[in-house]
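The structure appears below as structure tokens.
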Amino acid sequence: MKIVSDRIAAVQAPIIPVVAALIRNNPGTISLGQGVVNYGPPAEAYDAIHHFQDTQSINKYQAVHGLPVLIQAIEQKLAQDNNLKASTANRVVVTAGGNMAFLNAVLAIADPGDEIILPTPYYFNQEMAIAMVNAKAVLVPCSPTYQLDLSAIERAITAKTRAIVTVSPNNPTGAVYSEESLRAVNTLCRDRGIYHISDEAYEYFLYDGAQHFSPASIPASEAYTISLYSLSKAYGFASWRIGYMVIPGGLFEAVCKIQDTNVICAAAISQVAATAAIKRGIDFCKPKIAALADVRGKVFDSLQTLKPQCEIFQAHGALYFFLKVDTALDAMTLCEKLIREHGVAVIPGSAFGIKDQCTLRISYGALDQDTVVAGVGRLVTGLKAILSA
């Protein structure tokens, strides 16, 4: 009997559970791996769920695309924070997290053999989703500072291309793409008749004066721009599984068909909590991210002591630093040694499509002032010991 489909067997294993298993087998390990924040949802979200039982009808299946009250709150947020007005031309769909939003998009627009362009390093779950639908991820390297290489992206477009994906602020590099480059990608998609999938999960995580730009705010871009958002980071909602997407009106029926088959609707209780969180708004997020910026500064200063054996890119967004390491070890082997021998976990850059050099993604989002010194101290000490051996 054939145990598993060839399609799924060919998909890379998700790296986060792999590293999590190593951490469990090495108690006391400090994780600089998973991209989570060190705070939870606002009090308003918890207060909202206390009233969940007051409306018995909410225990039944809800609208596939989301609770009306949450959609209204999202539309107000989009208008205020993203200069994006939702309408019948571009519809909001609430999803069970940002990953579901991406999978919805790929299933809606791509047939087997179609191509989707991923600037590399890419977010691994997106590459996995493309493979799962029998489409092809076309990998286009970014510049040495992890900015978009527009000429390379344009050269990668073929008759089979269905979309270009941008993730800004970026996972895994932390790079923030300029408005100019995002506009250029969006124009390229318009002119070539393909979609621009803009992942904006880290939209509020900006430092050093960096600015976020939403391509869907470009006039007349509604028909070919797909925007993806998540509450997991900014509102500490990781396990509550709420994201949303803004899609061309022409894709609404297809996306609802996909979501109804998969999950029917995002959990109603999480949607109620999300409504309260979004209404609380960016004022909840700002002090949390300001505190995280202090942690980020300490991490960056500590990493400087690894030069010249490690090249540290000073990113201006998200929760990550991406290190290039001068070693003959492959990235996964280096990660395993750091966990087993030095009690600190990071993510290998190979999971993000970097195969020709040893790179590591360091996440500082889960750190607070009490753990940053210990966690990064272990990393610096461990890398120095391994690289000098």
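In the structure tokens, each chain is lettered A, B, ... as it comes, each chain's residues begin at 1, and ligands are numbered from 1 in order of appearance.
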Please identify every residue of region 134-205 of chain A that has at least one atom no farther than 12 Å from an atom of region 280-300 of chain A, counting only C-alpha atoms, and for each give the shortest atom pair and the distance in Å to one decimal, arranged by chain then increasing number, as a tab-separated table.
residue	atom	partner	partner_atom	distance
A:Gly174	CA	A:Arg296	CA	11.4
A:Tyr202	CA	A:Ile289	CA	10.9
A:Glu203	CA	A:Ile282	CA	10.7
A:Tyr204	CA	A:Cys285	CA	7.7
A:Phe205	CA	A:Ile289	CA	6.5
Check your understanding: Where in region 272-383 of chain A does DSSP assign helix (DSSP H, G or I), given as a PyMOL selection string?
Key -> chain A and resi 272-280+282-306+331-342+349-352+372-383
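With only C-alpha atoms as the atoms that count, the residue of A:Ala131, A:Val69, A:Ile109, A:Ala10 with the shortest distance to Lys160 (chain A) is A:Ile109.
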For Leu383 (chain A), the closest of A:Gln369, A:Gln126, A:Gly343, A:Leu338 counting only C-alpha atoms is A:Leu338
Spatial neighbours of Cys265 (chain A), max dist 9 Å, only C-alpha atoms, sep filter under 2 positions, as an NGL selection string
:A and (61-66 or 94-96 or 259-260 or 262-263 or 267-268)
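Put simply, CA of Pro121 (chain A) is 20.8 Å away from CA of Thr158 (chain A).
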Applying 7 Å and only C-alpha atoms, which residues near Cys335 (chain A) remain after dropping the ones on its own chain fewer than 4 positions away? List them as a CSV table (one decimal) with N, CA and C atoms, in the first residue's frame.
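What landed in result.csv:
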chain,number,residue,atom,x,y,z
A,331,ALA,N,23.9,24.5,7.7
A,331,ALA,CA,23.1,25.2,8.6
A,331,ALA,C,22.4,24.4,9.7
A,339,ILE,N,22.0,23.7,19.9
A,339,ILE,CA,21.0,23.2,20.8
A,339,ILE,C,21.6,22.2,21.8
A,345,ALA,N,18.5,27.7,20.7
A,345,ALA,CA,18.0,27.3,19.4
A,345,ALA,C,17.7,28.4,18.4
A,346,VAL,N,18.1,28.2,17.2
A,346,VAL,CA,17.9,29.1,16.1
A,346,VAL,C,17.3,28.3,14.9
A,347,ILE,N,17.0,28.9,13.8
A,347,ILE,CA,16.5,28.3,12.7
A,347,ILE,C,17.5,28.3,11.5
A,348,PRO,N,17.7,27.2,10.9
A,348,PRO,CA,18.7,27.1,9.7
A,348,PRO,C,18.1,27.9,8.5
* To do: For Val380 (chain A), list every protein, DNA or RNA residue within 8 Å, evaluated using only C-alpha atoms, and leave out those in the same chain fewer than 2 positions away; present the list as a list in words.
  => Ser302, Leu303, Thr305, Leu306, Val376, Gly377, Arg378, Gly382, Leu383 and Lys384 of chain A
Take the residues that were just selected and, keeping N, CA and C atoms, output them as a PDB file, in the first residue's frame.
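The resulting selection27.pdb:
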ATOM      1  N   SER A 302      25.160  42.563  20.724  1.00  0.00           N
ATOM      2  CA  SER A 302      25.850  41.324  21.102  1.00  0.00           C
ATOM      3  C   SER A 302      26.361  40.585  19.872  1.00  0.00           C
ATOM      4  N   LEU A 303      25.580  40.597  18.799  1.00  0.00           N
ATOM      5  CA  LEU A 303      25.968  39.875  17.590  1.00  0.00           C
ATOM      6  C   LEU A 303      27.189  40.496  16.919  1.00  0.00           C
ATOM      7  N   THR A 305      29.908  41.108  18.135  1.00  0.00           N
ATOM      8  CA  THR A 305      31.153  40.489  18.599  1.00  0.00           C
ATOM      9  C   THR A 305      31.511  39.238  17.792  1.00  0.00           C
ATOM     10  N   LEU A 306      30.595  38.791  16.923  1.00  0.00           N
ATOM     11  CA  LEU A 306      30.853  37.615  16.090  1.00  0.00           C
ATOM     12  C   LEU A 306      31.588  37.953  14.795  1.00  0.00           C
ATOM     13  N   VAL A 376      21.035  35.314  24.071  1.00  0.00           N
ATOM     14  CA  VAL A 376      22.011  35.758  23.074  1.00  0.00           C
ATOM     15  C   VAL A 376      23.433  35.461  23.549  1.00  0.00           C
ATOM     16  N   GLY A 377      23.633  35.505  24.853  1.00  0.00           N
ATOM     17  CA  GLY A 377      24.945  35.141  25.380  1.00  0.00           C
ATOM     18  C   GLY A 377      25.308  33.709  25.032  1.00  0.00           C
ATOM     19  N   ARG A 378      24.338  32.801  25.173  1.00  0.00           N
ATOM     20  CA  ARG A 378      24.585  31.410  24.796  1.00  0.00           C
ATOM     21  C   ARG A 378      24.878  31.287  23.304  1.00  0.00           C
ATOM     22  N   GLY A 382      28.333  30.032  21.978  1.00  0.00           N
ATOM     23  CA  GLY A 382      28.282  28.788  21.225  1.00  0.00           C
ATOM     24  C   GLY A 382      28.882  28.914  19.834  1.00  0.00           C
ATOM     25  N   LEU A 383      28.529  29.970  19.126  1.00  0.00           N
ATOM     26  CA  LEU A 383      29.069  30.148  17.785  1.00  0.00           C
ATOM     27  C   LEU A 383      30.590  30.344  17.823  1.00  0.00           C
ATOM     28  N   LYS A 384      31.066  31.100  18.774  1.00  0.00           N
ATOM     29  CA  LYS A 384      32.517  31.314  18.870  1.00  0.00           C
ATOM     30  C   LYS A 384      33.233  29.984  19.133  1.00  0.00           C
TER      31      LYS A 384
END
Using only C-alpha atoms, the best pick from A:Pro17, A:Ala137, A:Asn82, A:Ile30 as closest to Leu367 (chain A) would be A:Ile30
Worksheet item: region 230-349 of chain A: which residues are strand (DSSP E or B) by DSSP, as a PyMOL selection string?
Response: chain A and resi 230+243-248+310-312+317+320-325+344-345+347-348
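CA of Thr333 (chain A) is found 26.7 Å from CA of Ile130 (chain A).
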Worksheet entry | Leu206 (chain A) surroundings by only C-alpha atoms, 7 Å radius, close-in-sequence under 3 positions cut, as a PyMOL selection string | chain A and resi 210-211+316-318
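Residues with any atom within 6 Å of Ile226 (chain A), counting only C-alpha atoms and excluding same-chain neighbours fewer than 3 positions away, are Ile197, Val246 and Ile247 of chain A.
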Since we have the selection now, will you write its residues out, keeping N, CA and C atoms, as a PDB file, in the first residue's frame?
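Result file is selection-v8.pdb:
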ATOM      1  N   ILE A 197       0.817  39.081  -4.575  1.00  0.00           N
ATOM      2  CA  ILE A 197       0.441  38.629  -3.243  1.00  0.00           C
ATOM      3  C   ILE A 197       1.352  39.336  -2.246  1.00  0.00           C
ATOM      4  N   VAL A 246      -7.349  40.457   1.917  1.00  0.00           N
ATOM      5  CA  VAL A 246      -8.136  41.370   1.080  1.00  0.00           C
ATOM      6  C   VAL A 246      -7.891  40.934  -0.356  1.00  0.00           C
ATOM      7  N   ILE A 247      -8.958  40.525  -1.030  1.00  0.00           N
ATOM      8  CA  ILE A 247      -8.813  39.864  -2.325  1.00  0.00           C
ATOM      9  C   ILE A 247      -9.653  40.562  -3.388  1.00  0.00           C
TER      10      ILE A 247
END
Shortest contact to Thr371 (chain A), candidates A:Val11, A:Val344, A:Ile218, A:Leu228, atoms counted only C-alpha atoms, goes to A:Val344
